[in-house]
2 protein chains.
Amino acid sequence: MYEVVTQSLRALVDFTDEELFGFMQKLKPLRLKKHSFYLKPGQVCQSMVIIHQGALRYFLRNEKGDQTLGFAFEGEWLGDYESFLLKSPTHCYIEALEDTDIFMLSYTDMQQLYDKSQRFERFGRLIAERLFIETAKSKSKLLTQTAEDRYLELLTNQPQIFERLPLALIASYLGIQPQSLSRIRARVVSGKN
Amino acid sequence: MYEVVTQSLRALVDFTDEELFGFMQKLKPLRLKKHSFYLKPGQVCQSMVIIHQGALRYFLRNEKGDQTLGFAFEGEWLGDYESFLLKSPTHCYIEALEDTDIFMLSYTDMQQLYDKSQRFERFGRLIAERLFIETAKSKSKLLTQTAEDRYLELLTNQPQIFERLPLALIASYLGIQPQSLSRIRARVVSGKN
């Protein structure tokens, strides 16, 4: 029933069935309606979530409009990990893009798992390393890449995003206006640079 | 003799003397002359380093000039953690700002420590979490803060940087020209906003 979740956990660490059962017992299910929020600015991110079914968007809203920081789909973890670790208020929104079923893992439960065995510590380390790599990459893209570079990379690495999400959201993720994304797409299709 | 290093390790995890000895045995010492490089673009970051004495700067160089991403001092870890984890070529420079004594921990040695005990896994998790938080903060500052915000925050959190490093490097870290930093400092001192 929850294969998408158990497979995602086992992809990182070779948990025994017993460990996996202990892990699943800590996860609290929640259903988010389309366009409802899991997290809003000022709240502390109390739990990291893994998606069973659906899609979430993670964004900032300021005078420049929405800046989409990322998306997450089935089997992927999301949360404001900084707010979660430091128990500090978030600046971000996390919104359900579809009706979305998630499982939540609270900070206290996560620490209890870490104390349980070395494999849970390893899981925590690998999650932190992945989130680090993702954040470092996106920071260096902000510093160095053009919008067209970011578009081409997204098209190569996550082509399914273009089938699943509206172009306006993808434009916000690339840090450009929807019209600019249309122009880039037209230019790329026609083979010009 | 190496208190600055052992204290830094013990600040994260309560290692036994035996574990700490095992850790120190993995660390390879290296002396970097002032203005020499520990890492240059195109190289893979083979080891993370901890500073025993001295100071390192971590930066990108492109058509806009040098973009300083961070500094590290005694007892602090540095490296291109993304390049280290993915064994991918770095885009960064790491430069010694003074004659600097470091200890290097290689990827293979780090994995061997992780396999050794849960406390080493915990150490790895906490290091990854810290690096994540640092990167996430600096990314969100890039997206949301003005140069003056970044200056005031640096002055509050790391005042010693202003005593130890030339203003041109601090300006590069704040993403501005040295003249702009002088103007911001004059404005802040005079109490205007």
# chains A, B, ... in the order shown; residues from 1 in each chain; ligands from 1
>>> interface_residues(of="chain B", to="chain A", cutoff="8 Å", atoms="only C-alpha atoms", output="JSON, numbers by chain")
{"B": [82, 117, 118, 121, 122, 124, 125, 126, 128, 129, 131, 132, 133, 135, 136, 139]}
>>> select_by_dssp(residues="stretch 1-187 of chain B", states="alpha helix (DSSP H)", output="MDAnalysis selection string")
chainID B and resid 3:12 17:26 81:86 107:116 118:144 147:157 160:164 167:174 178:187
>>> residues_around(residues="A:Asp101", least_positions_apart="2", cutoff="12 Å", atoms="only C-alpha atoms", output="count of residues only")
29
>>> select_by_dssp(residues="chain B", states="strand (DSSP E or B)", output="PDB file with N, CA and C atoms, in the first residue's frame")
ATOM      1  N   LYS B  28      45.314  14.044   7.751  1.00  0.00           N
ATOM      2  CA  LYS B  28      46.655  14.275   7.193  1.00  0.00           C
ATOM      3  C   LYS B  28      46.974  15.769   7.257  1.00  0.00           C
ATOM      4  N   PRO B  29      48.113  16.123   7.894  1.00  0.00           N
ATOM      5  CA  PRO B  29      48.452  17.550   8.006  1.00  0.00           C
ATOM      6  C   PRO B  29      48.995  18.121   6.699  1.00  0.00           C
ATOM      7  N   LEU B  30      48.725  19.398   6.472  1.00  0.00           N
ATOM      8  CA  LEU B  30      49.267  20.096   5.298  1.00  0.00           C
ATOM      9  C   LEU B  30      49.457  21.566   5.672  1.00  0.00           C
ATOM     10  N   ARG B  31      50.584  22.136   5.230  1.00  0.00           N
ATOM     11  CA  ARG B  31      50.805  23.567   5.460  1.00  0.00           C
ATOM     12  C   ARG B  31      50.624  24.302   4.140  1.00  0.00           C
ATOM     13  N   LEU B  32      49.770  25.307   4.142  1.00  0.00           N
ATOM     14  CA  LEU B  32      49.539  26.123   2.946  1.00  0.00           C
ATOM     15  C   LEU B  32      50.175  27.485   3.170  1.00  0.00           C
ATOM     16  N   PHE B  37      46.791  27.934  -3.046  1.00  0.00           N
ATOM     17  CA  PHE B  37      45.432  27.401  -3.186  1.00  0.00           C
ATOM     18  C   PHE B  37      45.345  25.961  -2.694  1.00  0.00           C
ATOM     19  N   TYR B  38      44.295  25.681  -1.947  1.00  0.00           N
ATOM     20  CA  TYR B  38      44.014  24.292  -1.598  1.00  0.00           C
ATOM     21  C   TYR B  38      43.224  23.630  -2.716  1.00  0.00           C
ATOM     22  N   LEU B  39      42.395  24.415  -3.414  1.00  0.00           N
ATOM     23  CA  LEU B  39      41.515  23.857  -4.446  1.00  0.00           C
ATOM     24  C   LEU B  39      41.369  24.875  -5.564  1.00  0.00           C
ATOM     25  N   VAL B  44      38.767  17.782  -8.322  1.00  0.00           N
ATOM     26  CA  VAL B  44      37.782  17.217  -7.411  1.00  0.00           C
ATOM     27  C   VAL B  44      38.277  17.460  -5.990  1.00  0.00           C
ATOM     28  N   SER B  47      39.388  15.884  -0.198  1.00  0.00           N
ATOM     29  CA  SER B  47      39.335  15.858   1.265  1.00  0.00           C
ATOM     30  C   SER B  47      38.634  17.094   1.793  1.00  0.00           C
ATOM     31  N   MET B  48      37.906  16.929   2.892  1.00  0.00           N
ATOM     32  CA  MET B  48      37.432  18.083   3.639  1.00  0.00           C
ATOM     33  C   MET B  48      38.564  18.446   4.596  1.00  0.00           C
ATOM     34  N   VAL B  49      38.701  19.741   4.895  1.00  0.00           N
ATOM     35  CA  VAL B  49      39.819  20.134   5.748  1.00  0.00           C
ATOM     36  C   VAL B  49      39.313  20.851   6.987  1.00  0.00           C
ATOM     37  N   ILE B  50      40.055  20.675   8.069  1.00  0.00           N
ATOM     38  CA  ILE B  50      39.781  21.428   9.295  1.00  0.00           C
ATOM     39  C   ILE B  50      41.025  22.268   9.582  1.00  0.00           C
ATOM     40  N   ILE B  51      40.796  23.521   9.956  1.00  0.00           N
ATOM     41  CA  ILE B  51      41.907  24.463  10.120  1.00  0.00           C
ATOM     42  C   ILE B  51      42.468  24.401  11.536  1.00  0.00           C
ATOM     43  N   HIS B  52      43.764  24.188  11.615  1.00  0.00           N
ATOM     44  CA  HIS B  52      44.440  24.198  12.913  1.00  0.00           C
ATOM     45  C   HIS B  52      44.884  25.617  13.248  1.00  0.00           C
ATOM     46  N   GLN B  53      45.399  26.311  12.226  1.00  0.00           N
ATOM     47  CA  GLN B  53      45.903  27.680  12.437  1.00  0.00           C
ATOM     48  C   GLN B  53      45.835  28.406  11.098  1.00  0.00           C
ATOM     49  N   LEU B  56      41.113  30.521   5.603  1.00  0.00           N
ATOM     50  CA  LEU B  56      40.897  30.171   4.197  1.00  0.00           C
ATOM     51  C   LEU B  56      39.724  30.970   3.642  1.00  0.00           C
ATOM     52  N   ARG B  57      39.790  31.205   2.335  1.00  0.00           N
ATOM     53  CA  ARG B  57      38.689  31.867   1.642  1.00  0.00           C
ATOM     54  C   ARG B  57      38.212  30.954   0.522  1.00  0.00           C
ATOM     55  N   TYR B  58      36.912  30.934   0.306  1.00  0.00           N
ATOM     56  CA  TYR B  58      36.249  30.040  -0.629  1.00  0.00           C
ATOM     57  C   TYR B  58      35.543  30.954  -1.630  1.00  0.00           C
ATOM     58  N   PHE B  59      35.943  30.910  -2.933  1.00  0.00           N
ATOM     59  CA  PHE B  59      35.338  31.882  -3.865  1.00  0.00           C
ATOM     60  C   PHE B  59      35.227  31.354  -5.295  1.00  0.00           C
ATOM     61  N   LEU B  60      34.355  32.013  -6.050  1.00  0.00           N
ATOM     62  CA  LEU B  60      34.193  31.795  -7.491  1.00  0.00           C
ATOM     63  C   LEU B  60      34.854  32.961  -8.206  1.00  0.00           C
ATOM     64  N   ARG B  61      35.401  32.712  -9.397  1.00  0.00           N
ATOM     65  CA  ARG B  61      35.963  33.808 -10.194  1.00  0.00           C
ATOM     66  C   ARG B  61      35.285  33.761 -11.558  1.00  0.00           C
ATOM     67  N   ASN B  62      34.625  34.844 -11.946  1.00  0.00           N
ATOM     68  CA  ASN B  62      33.987  34.870 -13.265  1.00  0.00           C
ATOM     69  C   ASN B  62      34.106  36.272 -13.845  1.00  0.00           C
ATOM     70  N   GLY B  65      34.183  39.195 -11.702  1.00  0.00           N
ATOM     71  CA  GLY B  65      35.237  39.306 -10.686  1.00  0.00           C
ATOM     72  C   GLY B  65      35.152  38.150  -9.705  1.00  0.00           C
ATOM     73  N   ASP B  66      35.698  38.338  -8.506  1.00  0.00           N
ATOM     74  CA  ASP B  66      35.647  37.284  -7.485  1.00  0.00           C
ATOM     75  C   ASP B  66      34.350  37.384  -6.699  1.00  0.00           C
ATOM     76  N   GLN B  67      33.669  36.250  -6.520  1.00  0.00           N
ATOM     77  CA  GLN B  67      32.510  36.213  -5.622  1.00  0.00           C
ATOM     78  C   GLN B  67      32.900  35.349  -4.432  1.00  0.00           C
ATOM     79  N   THR B  68      33.138  35.979  -3.293  1.00  0.00           N
ATOM     80  CA  THR B  68      33.569  35.239  -2.104  1.00  0.00           C
ATOM     81  C   THR B  68      32.365  34.571  -1.454  1.00  0.00           C
ATOM     82  N   LEU B  69      32.419  33.251  -1.346  1.00  0.00           N
ATOM     83  CA  LEU B  69      31.292  32.503  -0.790  1.00  0.00           C
ATOM     84  C   LEU B  69      31.417  32.348   0.725  1.00  0.00           C
ATOM     85  N   GLY B  70      32.650  32.350   1.215  1.00  0.00           N
ATOM     86  CA  GLY B  70      32.798  32.209   2.658  1.00  0.00           C
ATOM     87  C   GLY B  70      34.243  32.205   3.105  1.00  0.00           C
ATOM     88  N   PHE B  71      34.412  32.303   4.423  1.00  0.00           N
ATOM     89  CA  PHE B  71      35.726  32.239   5.050  1.00  0.00           C
ATOM     90  C   PHE B  71      35.695  31.129   6.094  1.00  0.00           C
ATOM     91  N   ALA B  72      36.862  30.593   6.435  1.00  0.00           N
ATOM     92  CA  ALA B  72      36.925  29.636   7.551  1.00  0.00           C
ATOM     93  C   ALA B  72      38.184  29.924   8.359  1.00  0.00           C
ATOM     94  N   TRP B  77      35.594  23.603   9.554  1.00  0.00           N
ATOM     95  CA  TRP B  77      35.734  22.733   8.401  1.00  0.00           C
ATOM     96  C   TRP B  77      35.500  23.521   7.125  1.00  0.00           C
ATOM     97  N   LEU B  78      36.213  23.176   6.076  1.00  0.00           N
ATOM     98  CA  LEU B  78      35.946  23.767   4.764  1.00  0.00           C
ATOM     99  C   LEU B  78      36.274  22.750   3.685  1.00  0.00           C
ATOM    100  N   PRO B  89      34.027  17.756 -10.530  1.00  0.00           N
ATOM    101  CA  PRO B  89      34.992  18.859 -10.504  1.00  0.00           C
ATOM    102  C   PRO B  89      34.377  20.099  -9.863  1.00  0.00           C
ATOM    103  N   TYR B  93      37.558  28.185  -5.966  1.00  0.00           N
ATOM    104  CA  TYR B  93      38.911  28.289  -5.426  1.00  0.00           C
ATOM    105  C   TYR B  93      38.821  28.247  -3.904  1.00  0.00           C
ATOM    106  N   ILE B  94      39.799  27.590  -3.279  1.00  0.00           N
ATOM    107  CA  ILE B  94      39.998  27.767  -1.836  1.00  0.00           C
ATOM    108  C   ILE B  94      41.431  28.256  -1.653  1.00  0.00           C
ATOM    109  N   GLU B  95      41.569  29.433  -1.070  1.00  0.00           N
ATOM    110  CA  GLU B  95      42.862  30.126  -0.969  1.00  0.00           C
ATOM    111  C   GLU B  95      43.222  30.363   0.494  1.00  0.00           C
ATOM    112  N   ALA B  96      44.512  30.200   0.805  1.00  0.00           N
ATOM    113  CA  ALA B  96      44.977  30.530   2.154  1.00  0.00           C
ATOM    114  C   ALA B  96      45.171  32.043   2.242  1.00  0.00           C
ATOM    115  N   THR B 100      48.739  28.836   6.573  1.00  0.00           N
ATOM    116  CA  THR B 100      47.641  28.114   7.215  1.00  0.00           C
ATOM    117  C   THR B 100      47.970  26.628   7.370  1.00  0.00           C
ATOM    118  N   ASP B 101      47.785  26.114   8.575  1.00  0.00           N
ATOM    119  CA  ASP B 101      47.968  24.676   8.840  1.00  0.00           C
ATOM    120  C   ASP B 101      46.610  24.001   8.871  1.00  0.00           C
ATOM    121  N   ILE B 102      46.464  23.007   7.999  1.00  0.00           N
ATOM    122  CA  ILE B 102      45.183  22.302   7.955  1.00  0.00           C
ATOM    123  C   ILE B 102      45.393  20.806   8.175  1.00  0.00           C
ATOM    124  N   PHE B 103      44.292  20.109   8.492  1.00  0.00           N
ATOM    125  CA  PHE B 103      44.262  18.658   8.473  1.00  0.00           C
ATOM    126  C   PHE B 103      43.218  18.237   7.451  1.00  0.00           C
ATOM    127  N   MET B 104      43.580  17.219   6.644  1.00  0.00           N
ATOM    128  CA  MET B 104      42.678  16.764   5.584  1.00  0.00           C
ATOM    129  C   MET B 104      42.072  15.408   5.944  1.00  0.00           C
ATOM    130  N   LEU B 105      40.778  15.275   5.672  1.00  0.00           N
ATOM    131  CA  LEU B 105      40.100  13.985   5.860  1.00  0.00           C
ATOM    132  C   LEU B 105      39.562  13.555   4.493  1.00  0.00           C
ATOM    133  N   SER B 106      40.087  12.446   3.967  1.00  0.00           N
ATOM    134  CA  SER B 106      39.692  12.013   2.615  1.00  0.00           C
ATOM    135  C   SER B 106      38.318  11.363   2.624  1.00  0.00           C
TER     136      SER B 106
END
>>> atom_distance(atom1="atom CA of A:Pro41", atom2="atom CA of A:Cys92")
5.2 Å
>>> atom_distance(atom1="atom CA of B:Ser8", atom2="atom CA of B:Leu27")
13.6 Å
>>> atom_distance(atom1="atom CA of B:Arg150", atom2="atom CA of B:Glu63")
22.8 Å
>>> closest_residue(among="B:Met110, B:Cys45, B:Leu154, B:Ala11", to="B:Gln25", atoms="only C-alpha atoms")
B:Met110
>>> closest_residue(among="A:Leu9, A:Tyr173, A:Phe23, A:Phe84", to="A:Gln46", atoms="only C-alpha atoms")
A:Phe84
>>> closest_residue(among="A:Leu181, A:Pro159, A:Arg164, A:Leu12", to="A:Ala147", atoms="only C-alpha atoms")
A:Leu181
>>> residues_around(residues="stretch 168-171 of chain A", least_positions_apart="2", cutoff="9 Å", atoms="only C-alpha atoms", output="list of chain:residue names")
A:Arg57, A:Thr68, A:Tyr151, A:Ile161, A:Phe162, A:Leu165, A:Pro166, A:Tyr173, A:Leu174, A:Gly175, A:Ile176, A:Gln177, A:Pro178, A:Gln179, A:Ser180, A:Leu181, A:Ser182
>>> write_last_selection(atoms="N, CA and C atoms", output="JSON list (two decimals), in the first residue's frame")
[["chain", "number", "residue", "atom", "x", "y", "z"],
["A", 57, "ARG", "N", 4.68, 22.42, -3.83],
["A", 57, "ARG", "CA", 5.55, 23.49, -4.30],
["A", 57, "ARG", "C", 6.03, 24.27, -3.08],
["A", 68, "THR", "N", 9.64, 30.48, -6.85],
["A", 68, "THR", "CA", 9.49, 29.06, -6.57],
["A", 68, "THR", "C", 10.86, 28.43, -6.37],
["A", 151, "TYR", "N", 16.66, 26.47, -17.86],
["A", 151, "TYR", "CA", 15.58, 25.79, -18.58],
["A", 151, "TYR", "C", 16.07, 24.49, -19.20],
["A", 161, "ILE", "N", 8.32, 17.28, -15.30],
["A", 161, "ILE", "CA", 7.76, 18.50, -14.73],
["A", 161, "ILE", "C", 6.95, 19.27, -15.78],
["A", 162, "PHE", "N", 7.42, 19.22, -17.04],
["A", 162, "PHE", "CA", 6.74, 19.97, -18.10],
["A", 162, "PHE", "C", 5.40, 19.36, -18.46],
["A", 165, "LEU", "N", 3.12, 20.16, -14.61],
["A", 165, "LEU", "CA", 2.87, 21.47, -14.00],
["A", 165, "LEU", "C", 2.62, 22.55, -15.04],
["A", 166, "PRO", "N", 1.80, 23.56, -14.66],
["A", 166, "PRO", "CA", 1.56, 24.68, -15.59],
["A", 166, "PRO", "C", 2.85, 25.48, -15.84],
["A", 173, "TYR", "N", 9.84, 29.05, -11.12],
["A", 173, "TYR", "CA", 10.98, 28.26, -10.64],
["A", 173, "TYR", "C", 12.27, 28.69, -11.34],
["A", 174, "LEU", "N", 12.16, 29.06, -12.62],
["A", 174, "LEU", "CA", 13.34, 29.48, -13.38],
["A", 174, "LEU", "C", 13.68, 30.95, -13.11],
["A", 175, "GLY", "N", 12.83, 31.62, -12.35],
["A", 175, "GLY", "CA", 13.10, 33.01, -11.99],
["A", 175, "GLY", "C", 12.80, 33.98, -13.12],
["A", 176, "ILE", "N", 11.85, 33.64, -14.00],
["A", 176, "ILE", "CA", 11.53, 34.52, -15.14],
["A", 176, "ILE", "C", 10.01, 34.63, -15.30],
["A", 177, "GLN", "N", 9.60, 35.58, -16.16],
["A", 177, "GLN", "CA", 8.18, 35.75, -16.48],
["A", 177, "GLN", "C", 7.75, 34.64, -17.45],
["A", 178, "PRO", "N", 6.45, 34.25, -17.41],
["A", 178, "PRO", "CA", 5.95, 33.21, -18.33],
["A", 178, "PRO", "C", 6.24, 33.54, -19.80],
["A", 179, "GLN", "N", 6.12, 34.84, -20.17],
["A", 179, "GLN", "CA", 6.39, 35.22, -21.57],
["A", 179, "GLN", "C", 7.84, 34.93, -21.94],
["A", 180, "SER", "N", 8.77, 35.18, -21.00],
["A", 180, "SER", "CA", 10.18, 34.91, -21.28],
["A", 180, "SER", "C", 10.40, 33.41, -21.47],
["A", 181, "LEU", "N", 9.69, 32.60, -20.68],
["A", 181, "LEU", "CA", 9.83, 31.15, -20.83],
["A", 181, "LEU", "C", 9.33, 30.72, -22.21],
["A", 182, "SER", "N", 8.21, 31.31, -22.65],
["A", 182, "SER", "CA", 7.68, 30.98, -23.99],
["A", 182, "SER", "C", 8.71, 31.34, -25.06]]
>>> decode(residues="stretch 108-148 of chain B", atoms="C-alpha atoms", output="PDB file, in the first residue's frame")
ATOM      1  CA  THR B 108      37.486   7.031   1.769  1.00  0.00           C
ATOM      2  CA  ASP B 109      38.681   7.650   5.323  1.00  0.00           C
ATOM      3  CA  MET B 110      35.444   9.449   6.109  1.00  0.00           C
ATOM      4  CA  GLN B 111      33.381   6.472   4.884  1.00  0.00           C
ATOM      5  CA  GLN B 112      35.543   4.132   6.988  1.00  0.00           C
ATOM      6  CA  LEU B 113      34.849   6.246  10.063  1.00  0.00           C
ATOM      7  CA  TYR B 114      31.105   6.176   9.319  1.00  0.00           C
ATOM      8  CA  ASP B 115      31.222   2.374   9.238  1.00  0.00           C
ATOM      9  CA  LYS B 116      33.076   2.276  12.547  1.00  0.00           C
ATOM     10  CA  SER B 117      30.377   3.452  14.940  1.00  0.00           C
ATOM     11  CA  GLN B 118      27.110   5.285  15.326  1.00  0.00           C
ATOM     12  CA  ARG B 119      28.867   8.312  16.787  1.00  0.00           C
ATOM     13  CA  PHE B 120      30.850   8.835  13.599  1.00  0.00           C
ATOM     14  CA  GLU B 121      27.626   8.581  11.576  1.00  0.00           C
ATOM     15  CA  ARG B 122      26.168  11.204  13.896  1.00  0.00           C
ATOM     16  CA  PHE B 123      29.216  13.402  13.342  1.00  0.00           C
ATOM     17  CA  GLY B 124      28.682  13.112   9.565  1.00  0.00           C
ATOM     18  CA  ARG B 125      24.992  13.902   9.910  1.00  0.00           C
ATOM     19  CA  LEU B 126      25.629  16.969  12.065  1.00  0.00           C
ATOM     20  CA  ILE B 127      28.335  18.262   9.691  1.00  0.00           C
ATOM     21  CA  ALA B 128      25.983  17.784   6.720  1.00  0.00           C
ATOM     22  CA  GLU B 129      23.160  19.522   8.601  1.00  0.00           C
ATOM     23  CA  ARG B 130      25.408  22.479   9.472  1.00  0.00           C
ATOM     24  CA  LEU B 131      26.653  22.850   5.934  1.00  0.00           C
ATOM     25  CA  PHE B 132      23.070  22.623   4.720  1.00  0.00           C
ATOM     26  CA  ILE B 133      21.924  25.376   7.081  1.00  0.00           C
ATOM     27  CA  GLU B 134      24.829  27.621   6.086  1.00  0.00           C
ATOM     28  CA  THR B 135      24.155  27.133   2.370  1.00  0.00           C
ATOM     29  CA  ALA B 136      20.397  27.548   2.723  1.00  0.00           C
ATOM     30  CA  LYS B 137      20.867  30.778   4.671  1.00  0.00           C
ATOM     31  CA  SER B 138      23.311  32.217   2.191  1.00  0.00           C
ATOM     32  CA  LYS B 139      21.008  31.271  -0.709  1.00  0.00           C
ATOM     33  CA  SER B 140      18.020  32.959   0.887  1.00  0.00           C
ATOM     34  CA  LYS B 141      20.151  36.038   1.647  1.00  0.00           C
ATOM     35  CA  LEU B 142      21.058  36.242  -2.025  1.00  0.00           C
ATOM     36  CA  LEU B 143      17.366  36.163  -2.884  1.00  0.00           C
ATOM     37  CA  THR B 144      16.075  38.552  -0.258  1.00  0.00           C
ATOM     38  CA  GLN B 145      18.656  40.747   1.489  1.00  0.00           C
ATOM     39  CA  THR B 146      20.216  44.043   0.505  1.00  0.00           C
ATOM     40  CA  ALA B 147      23.974  44.562   0.820  1.00  0.00           C
ATOM     41  CA  GLU B 148      23.371  46.690   3.924  1.00  0.00           C
TER      42      GLU B 148
END
